[in-house]
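Student: For reference, this is start32.txt, and it has compact mmCIF, C-alpha atoms.
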# COMPACT_ATOMS: atom_id res chain seq x y z
CA MET J 1 0.00 0.00 0.00
CA ALA J 2 1.37 3.38 -0.94
CA GLU J 3 2.18 5.75 1.92
CA GLN J 4 -0.23 8.34 0.59
CA GLY J 5 -2.97 5.74 0.36
CA ARG J 6 -2.39 4.57 3.92
CA ARG J 7 -2.49 8.04 5.33
CA GLY J 8 -5.56 8.99 3.36
CA LEU J 9 -7.35 5.84 4.49
CA GLY J 10 -6.47 6.44 8.12
CA ARG J 11 -7.64 10.05 8.07
CA GLY J 12 -10.84 9.19 6.23
CA LEU J 13 -11.84 6.42 8.61
CA SER J 14 -10.91 8.44 11.68
CA ALA J 15 -12.97 11.41 10.54
CA LEU J 16 -15.91 9.14 9.66
CA LEU J 17 -15.80 7.51 13.09
CA GLY J 18 -15.54 10.84 14.86
CA GLU J 19 -12.33 9.88 16.64
CA VAL J 20 -9.82 12.50 15.52
CA GLU J 21 -11.25 15.89 14.74
CA THR J 22 -11.58 18.20 17.72
CA PRO J 23 -15.07 19.74 17.99
CA VAL J 24 -15.22 23.17 16.38
CA GLY J 25 -16.08 24.96 19.61
CA VAL J 26 -13.14 23.46 21.49
CA ARG J 27 -10.74 23.96 18.59
CA GLU J 28 -11.76 27.61 18.38
CA ALA J 29 -11.30 27.98 22.13
CA ILE J 30 -7.76 26.63 21.93
CA ASP J 31 -6.95 28.76 18.89
CA ALA J 32 -8.30 31.79 20.72
CA ALA J 33 -6.09 31.01 23.71
CA VAL J 34 -3.03 30.77 21.49
CA ALA J 35 -3.91 33.79 19.35
CA GLY J 36 -5.16 36.00 22.19
CA GLU J 37 -3.74 39.32 23.24
CA GLY J 38 0.04 39.37 23.24
CA GLY J 39 2.37 37.24 21.17
CA ALA J 40 5.24 35.00 22.17
CA THR J 41 7.87 36.24 24.56
CA PHE J 42 10.88 34.66 26.26
CA ALA J 43 11.13 33.66 29.91
CA PRO J 44 13.85 32.07 32.04
CA ILE J 45 13.30 28.32 31.92
CA GLU J 46 13.51 28.04 35.71
CA LEU J 47 10.33 30.15 36.03
CA LEU J 48 8.24 27.49 34.30
CA ARG J 49 6.51 24.83 36.40
CA ARG J 50 4.82 21.65 35.21
CA ASN J 51 1.09 21.32 35.76
CA PRO J 52 0.45 18.72 38.49
CA GLU J 53 -2.86 17.91 36.77
CA GLN J 54 -1.11 17.14 33.47
CA PRO J 55 -2.71 13.86 32.34
CA ARG J 56 0.47 12.65 30.70
CA LYS J 57 2.74 10.99 33.27
CA VAL J 58 5.02 8.86 31.08
CA PHE J 59 7.43 10.51 28.64
CA ASP J 60 9.16 8.22 26.15
CA GLU J 61 12.92 8.56 26.40
CA THR J 62 13.45 7.98 22.68
CA ASP J 63 10.98 10.73 21.76
CA LEU J 64 12.56 13.11 24.25
CA GLY J 65 15.99 12.36 22.83
CA GLU J 66 14.83 13.08 19.28
CA LEU J 67 13.20 16.34 20.39
CA GLU J 68 16.36 17.27 22.27
CA GLU J 69 18.42 16.89 19.09
CA SER J 70 15.88 18.93 17.12
CA ILE J 71 15.96 21.76 19.69
CA ARG J 72 19.75 21.64 19.76
CA ALA J 73 19.80 22.10 15.99
CA LYS J 74 16.89 24.49 15.41
CA GLY J 75 15.73 25.74 18.81
CA ILE J 76 12.12 25.67 20.02
CA ILE J 77 9.95 26.53 17.03
CA GLN J 78 6.54 26.40 18.75
CA PRO J 79 6.16 28.48 21.95
CA ILE J 80 5.10 26.78 25.18
CA LEU J 81 1.55 27.72 26.24
CA VAL J 82 1.51 28.83 29.89
CA ARG J 83 -0.61 30.68 32.42
CA PRO J 84 0.45 32.66 35.52
CA ALA J 85 1.28 30.01 38.13
CA PRO J 86 -1.40 29.89 40.86
CA GLY J 87 0.08 31.02 44.16
CA ALA J 88 3.50 31.78 42.68
CA PRO J 89 3.76 35.40 41.44
CA GLY J 90 6.20 35.85 38.60
CA GLU J 91 6.22 32.18 37.67
CA TYR J 92 4.31 30.26 34.99
CA GLN J 93 2.45 26.96 34.86
CA ILE J 94 2.74 24.93 31.67
CA VAL J 95 -0.58 24.35 29.88
CA ALA J 96 0.73 22.71 26.69
CA GLY J 97 4.32 21.92 25.81
CA GLU J 98 5.81 20.09 28.80
CA ARG J 99 7.75 17.78 26.48
CA ARG J 100 9.42 20.79 24.86
CA TRP J 101 10.23 22.19 28.30
CA ARG J 102 11.79 18.90 29.41
CA ALA J 103 13.89 18.61 26.25
CA ALA J 104 14.98 22.26 26.53
CA GLN J 105 16.26 21.54 30.05
CA ARG J 106 18.33 18.67 28.69
CA VAL J 107 19.80 20.93 26.03
CA GLY J 108 20.65 23.49 28.69
CA LEU J 109 18.60 26.41 27.37
CA HIS J 110 18.34 29.34 29.77
CA GLN J 111 15.27 30.90 28.11
CA VAL J 112 12.31 29.46 26.22
CA PRO J 113 9.56 31.08 24.09
CA ILE J 114 6.19 31.21 25.86
CA LEU J 115 2.63 32.35 25.22
CA VAL J 116 1.02 33.62 28.43
CA ARG J 117 -2.76 33.27 28.71
CA GLU J 118 -5.27 33.69 31.54
CA LEU J 119 -6.95 30.29 31.80
CA ASP J 120 -8.97 28.68 34.58
CA ASP J 121 -8.41 25.17 35.90
CA ILE J 122 -10.94 23.43 33.67
CA GLU J 123 -9.63 25.16 30.53
CA VAL J 124 -6.09 24.11 31.42
CA LEU J 125 -7.10 20.49 31.95
CA GLU J 126 -9.24 20.33 28.80
CA ILE J 127 -6.47 21.79 26.64
CA ALA J 128 -3.92 19.38 28.14
CA ILE J 129 -6.16 16.37 27.54
CA ILE J 130 -7.10 17.47 24.02
CA GLU J 131 -3.50 18.13 23.02
CA ASN J 132 -2.33 14.73 24.25
CA VAL J 133 -5.31 12.70 23.04
CA GLN J 134 -5.24 14.21 19.55
CA ARG J 135 -1.53 13.45 19.27
CA ALA J 136 -2.03 9.98 20.81
CA ASP J 137 0.51 10.85 23.50
CA LEU J 138 -1.43 9.34 26.39
CA ASN J 139 -1.42 5.68 27.29
CA PRO J 140 -4.93 4.24 27.89
CA ILE J 141 -4.74 4.64 31.67
CA GLU J 142 -3.58 8.27 31.48
CA GLU J 143 -6.37 9.02 29.02
CA ALA J 144 -9.01 7.41 31.23
CA ALA J 145 -7.68 9.18 34.33
CA GLY J 146 -7.93 12.53 32.52
CA TYR J 147 -11.56 11.85 31.60
CA LYS J 148 -12.34 10.91 35.21
CA VAL J 149 -10.87 14.17 36.51
CA LEU J 150 -13.07 16.15 34.11
CA MET J 151 -16.10 14.27 35.42
CA ASP J 152 -15.28 14.16 39.14
CA ARG J 153 -13.83 17.64 39.62
CA PHE J 154 -15.65 19.63 36.99
CA GLY J 155 -18.99 17.83 36.74
CA ARG J 156 -18.70 16.71 33.12
CA THR J 157 -20.91 13.88 31.93
CA GLN J 158 -19.53 11.16 29.66
CA GLU J 159 -21.29 12.88 26.76
CA GLY J 160 -19.77 16.22 27.77
CA VAL J 161 -16.27 14.75 27.97
CA ALA J 162 -16.75 13.10 24.57
CA LYS J 163 -17.66 16.44 22.97
CA VAL J 164 -14.72 18.21 24.58
CA VAL J 165 -12.07 15.72 23.42
CA GLY J 166 -13.61 14.82 20.06
CA LYS J 167 -14.31 11.18 20.85
CA SER J 168 -17.49 9.10 20.85
CA ARG J 169 -19.35 8.60 24.11
CA SER J 170 -18.75 4.85 23.90
CA HIS J 171 -15.01 5.47 23.53
CA VAL J 172 -15.03 7.51 26.74
CA ALA J 173 -17.14 4.89 28.52
CA ASN J 174 -14.80 2.08 27.42
CA ALA J 175 -11.78 4.10 28.54
CA LEU J 176 -13.25 4.71 32.00
CA ARG J 177 -13.89 0.99 32.47
CA LEU J 178 -10.15 0.41 32.29
CA LEU J 179 -9.72 2.17 35.63
CA GLY J 180 -11.59 -0.69 37.29
CA LEU J 181 -9.00 -3.27 36.23
CA PRO J 182 -6.58 -4.77 38.78
CA ASP J 183 -3.38 -2.82 39.45
CA GLU J 184 -1.17 -5.29 37.59
CA VAL J 185 -3.28 -5.08 34.43
CA ARG J 186 -3.32 -1.27 34.58
CA GLU J 187 0.46 -1.30 34.90
CA HIS J 188 0.73 -3.46 31.76
CA LEU J 189 -1.47 -0.93 29.96
CA SER J 190 0.61 2.01 31.12
CA ALA J 191 3.82 0.28 30.04
CA GLY J 192 2.42 -0.56 26.60
CA ARG J 193 2.52 -4.32 27.07
CA LEU J 194 -1.26 -4.43 26.56
CA SER J 195 -3.45 -2.32 24.28
CA ALA J 196 -6.85 -0.92 25.16
CA GLY J 197 -8.39 -3.62 22.95
CA HIS J 198 -6.63 -6.32 24.95
CA ALA J 199 -7.79 -4.70 28.18
CA ARG J 200 -11.43 -4.72 27.11
CA ALA J 201 -11.18 -8.46 26.46
CA VAL J 202 -9.45 -9.00 29.80
CA ALA J 203 -12.05 -7.00 31.72
CA ALA J 204 -14.82 -9.43 30.75
CA THR J 205 -13.14 -12.41 32.45
CA GLN J 206 -13.15 -13.71 36.02
CA ASP J 207 -9.34 -13.58 36.26
CA PRO J 208 -8.09 -10.52 34.33
CA VAL J 209 -4.55 -10.82 35.72
CA ALA J 210 -4.09 -14.40 34.51
CA LEU J 211 -5.43 -13.62 31.05
CA ALA J 212 -3.24 -10.50 30.80
CA ARG J 213 -0.16 -12.57 31.60
CA THR J 214 -1.12 -15.13 28.97
CA ILE J 215 -1.63 -12.42 26.34
CA ILE J 216 1.79 -10.95 27.05
CA GLU J 217 3.60 -14.30 27.23
CA LYS J 218 2.08 -15.58 23.97
CA ASP J 219 2.00 -12.19 22.24
CA LEU J 220 -1.68 -12.63 21.37
CA SER J 221 -3.56 -10.23 19.10
CA VAL J 222 -6.75 -8.52 20.27
CA ARG J 223 -8.81 -11.02 18.29
CA GLN J 224 -7.02 -13.95 19.92
CA ALA J 225 -7.44 -12.38 23.36
CA GLU J 226 -11.17 -11.96 22.77
CA ALA J 227 -11.42 -15.56 21.64
CA LEU J 228 -9.45 -16.74 24.68
CA ALA J 229 -11.79 -14.76 26.91
CA ARG J 230 -14.70 -16.64 25.34
CA GLY J 231 -12.88 -19.94 25.86
CA SER J 232 -12.47 -20.50 22.11
CA ASP J 233 -9.72 -22.48 20.41
CA GLU J 234 -9.52 -19.53 18.03
CA ALA J 235 -7.28 -17.88 20.63
CA ARG J 236 -4.42 -20.26 19.91
CA PRO J 237 -1.81 -18.53 17.75
CA ALA J 238 -1.95 -20.08 14.32
CA SER J 239 1.14 -21.53 12.74
CA PRO J 240 2.80 -19.49 9.98
CA ALA J 241 1.53 -22.01 7.42
CA VAL J 242 -2.10 -21.08 8.03
CA ARG J 243 -1.55 -17.33 8.35
CA PRO J 244 0.15 -16.31 5.07
CA LYS J 245 -2.33 -13.50 4.48
CA ALA J 246 -1.73 -11.76 7.82
CA ARG J 247 2.02 -12.32 7.54
CA GLY J 248 2.08 -10.70 4.11
CA LYS J 249 0.54 -7.43 5.25
CA ASP J 250 2.82 -4.46 5.64
CA ALA J 251 3.42 -3.00 9.08
CA ASP J 252 1.34 0.11 8.42
CA THR J 253 -1.74 -1.92 7.46
CA ARG J 254 -1.40 -4.09 10.55
CA ALA J 255 -0.93 -0.99 12.70
CA LEU J 256 -4.06 0.60 11.23
CA GLU J 257 -6.04 -2.59 11.90
CA GLN J 258 -4.81 -2.53 15.50
CA ASP J 259 -5.66 1.17 15.92
CA LEU J 260 -9.20 0.60 14.65
CA GLU J 261 -9.66 -2.46 16.85
CA ASP J 262 -8.50 -0.50 19.89
CA THR J 263 -10.86 2.36 19.05
CA LEU J 264 -13.92 0.31 18.12
CA GLY J 265 -13.50 -2.65 20.46
CA MET J 266 -14.29 -4.89 17.46
CA THR J 267 -12.26 -7.13 15.20
CA VAL J 268 -11.07 -5.29 12.08
CA GLU J 269 -9.44 -6.65 8.94
CA ILE J 270 -8.13 -4.60 6.02
CA ASP J 271 -7.55 -6.35 2.70
CA ASP J 272 -5.70 -3.86 0.51
CA LYS J 273 -4.40 -4.31 -3.03
CA ASN J 274 -2.66 -1.30 -4.54
CA GLY J 275 -4.85 1.21 -2.72
CA LYS J 276 -8.14 -0.66 -3.24
CA GLY J 277 -9.75 -3.36 -1.16
CA GLU J 278 -12.09 -4.19 1.68
CA LEU J 279 -12.51 -3.20 5.30
CA ARG J 280 -14.28 -5.83 7.44
CA ILE J 281 -15.54 -5.08 10.94
CA ARG J 282 -16.92 -7.92 13.06
CA TYR J 283 -19.27 -7.11 15.91
CA ALA J 284 -20.09 -9.42 18.83
CA THR J 285 -23.30 -7.81 20.09
CA LEU J 286 -26.17 -5.76 18.71
CA GLU J 287 -25.02 -2.93 20.98
CA GLN J 288 -21.71 -2.84 19.12
CA LEU J 289 -23.52 -2.81 15.79
CA ASP J 290 -25.78 0.01 16.94
CA ASP J 291 -22.77 2.04 18.12
CA LEU J 292 -20.97 1.48 14.83
CA CYS J 293 -24.03 2.51 12.80
CA ARG J 294 -24.41 5.67 14.89
CA ARG J 295 -20.80 6.64 14.25
CA LEU J 296 -20.99 5.96 10.53
CA THR J 297 -24.20 7.94 10.08
CA GLY J 298 -23.25 10.76 12.45
CA GLY J 299 -26.33 10.00 14.54
Using structure tokens, write down the structure that the file contains.
Tutor:
Amino acid sequence: MAEQGRRGLGRGLSALLGEVETPVGVREAIDAAVAGEGGATFAPIELLRRNPEQPRKVFDETDLGELEESIRAKGIIQPILVRPAPGAPGEYQIVAGERRWRAAQRVGLHQVPILVRELDDIEVLEIAIIENVQRADLNPIEEAAGYKVLMDRFGRTQEGVAKVVGKSRSHVANALRLLGLPDEVREHLSAGRLSAGHARAVAATQDPVALARTIIEKDLSVRQAEALARGSDEARPASPAVRPKARGKDADTRALEQDLEDTLGMTVEIDDKNGKGELRIRYATLEQLDDLCRRLTGG
């Protein structure tokens, strides 16, 4: 599959399913915050403080290293969005751009470009969640925890959270369910050893920890994990001789299948031939079918 075809397919499906585009009202609010009165200025890096409510807790060392090299070569191109730090006159709290701030510290910069805006607590949290979710920077547990804060502290409903972050209500509901998993399973999710799709399969069993360990040890796909949760022989990894079709798919196609499975909670298969082909989505319940139809029709 050509790179352009893959990207176009991914964007088209994501837009159709309502999983990527930020709602217009929220996007305008963020743009207004960035483009408000006063442009970028420079501030001593030691005056910037991270936001303790930042939903993102894990920062990939490889990504930070790459950003560090970019800043070393070209500087910080995009200013860090900040607000006056609550209870600390003369200092700033980071709203968006903590990764840039961390990398700049590694480089040894003394000053960084900032955009100062007056934002309340809920605006800060919403912008932080939106920025990270849209860039897929949050692991499933961080994402779910961010949604829970919006609901518990600021009285958002699941529907309200979904509108703010540009996701479907069912996506938010599925994410929140992950917080009820045992500690060990949540740790696997945070570390990337399990995907959200795996976790949804695990959550439906009597012993989520045991199934999670099996998935990791045998490197099972989401489909195999779901089958194992149902007690089906389909969960057994097939030998290479009976899986030539899956083996022949390029990495991008497999990754897109996995992304869609994680988002939908359903089994997805893409059969592509030179930019044309079929997309098959298998649902297990009428509720899943109803949710899929609502997304596809915008209802």
Student: Could you tell me which of J:Leu81, J:Val185, J:Leu228, J:Ile129 comes closest to Ala162 (chain J) if we count only C-alpha atoms?
Tutor: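 Of all the options, J:Ile129 lies closest to Ala162 (chain J).
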Student: Grab the CA of Arg282 (chain J) to CA of Lys167 (chain J) distance for me, in Å with one decimal place.
Tutor: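 Value for the CA of Arg282 (chain J)-CA of Lys167 (chain J) distance: 20.8 Å.
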Student: When you draw a straight line from CA of Asp219 (chain J) to CA of Ile141 (chain J), how long is it in Å?
Tutor: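 CA of Ile141 (chain J) lies 20.4 Å from CA of Asp219 (chain J).
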Student: What lies within 12 Å of Thr157 (chain J) using all atoms listed in the file, ignoring chain neighbours under 3 positions off, as a list in words?
Tutor: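 So, after excluding close chain neighbours, the residues are Tyr147, Lys148, Val149, Leu150, Met151, Asp152, Arg153, Phe154, Gly160, Val161, Ala162, Lys163, Val164, Arg169, Val172, Ala173 and Leu176 of chain J.
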Student: When distances are computed from all atoms listed in the file, which of J:Lys249, J:Leu211, J:Ser168, J:Glu131 shows the smallest separation from Asp291 (chain J)?
Tutor: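 The shortest atom-to-atom distance to Asp291 (chain J) comes from J:Ser168.
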Student: Just to confirm, what's the straight-line distance from CA of Pro52 (chain J) to CA of Ala199 (chain J) in Å (one decimal)?
Tutor: 26.9 Å
Student: Using only C-alpha atoms, which residue out of J:Arg177, J:Arg294, J:His110, J:Arg280 lies closest to Arg200 (chain J)?
Tutor: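 Between J:Arg177, J:Arg294, J:His110, J:Arg280, the residue approaching Arg200 (chain J) most closely is J:Arg177.
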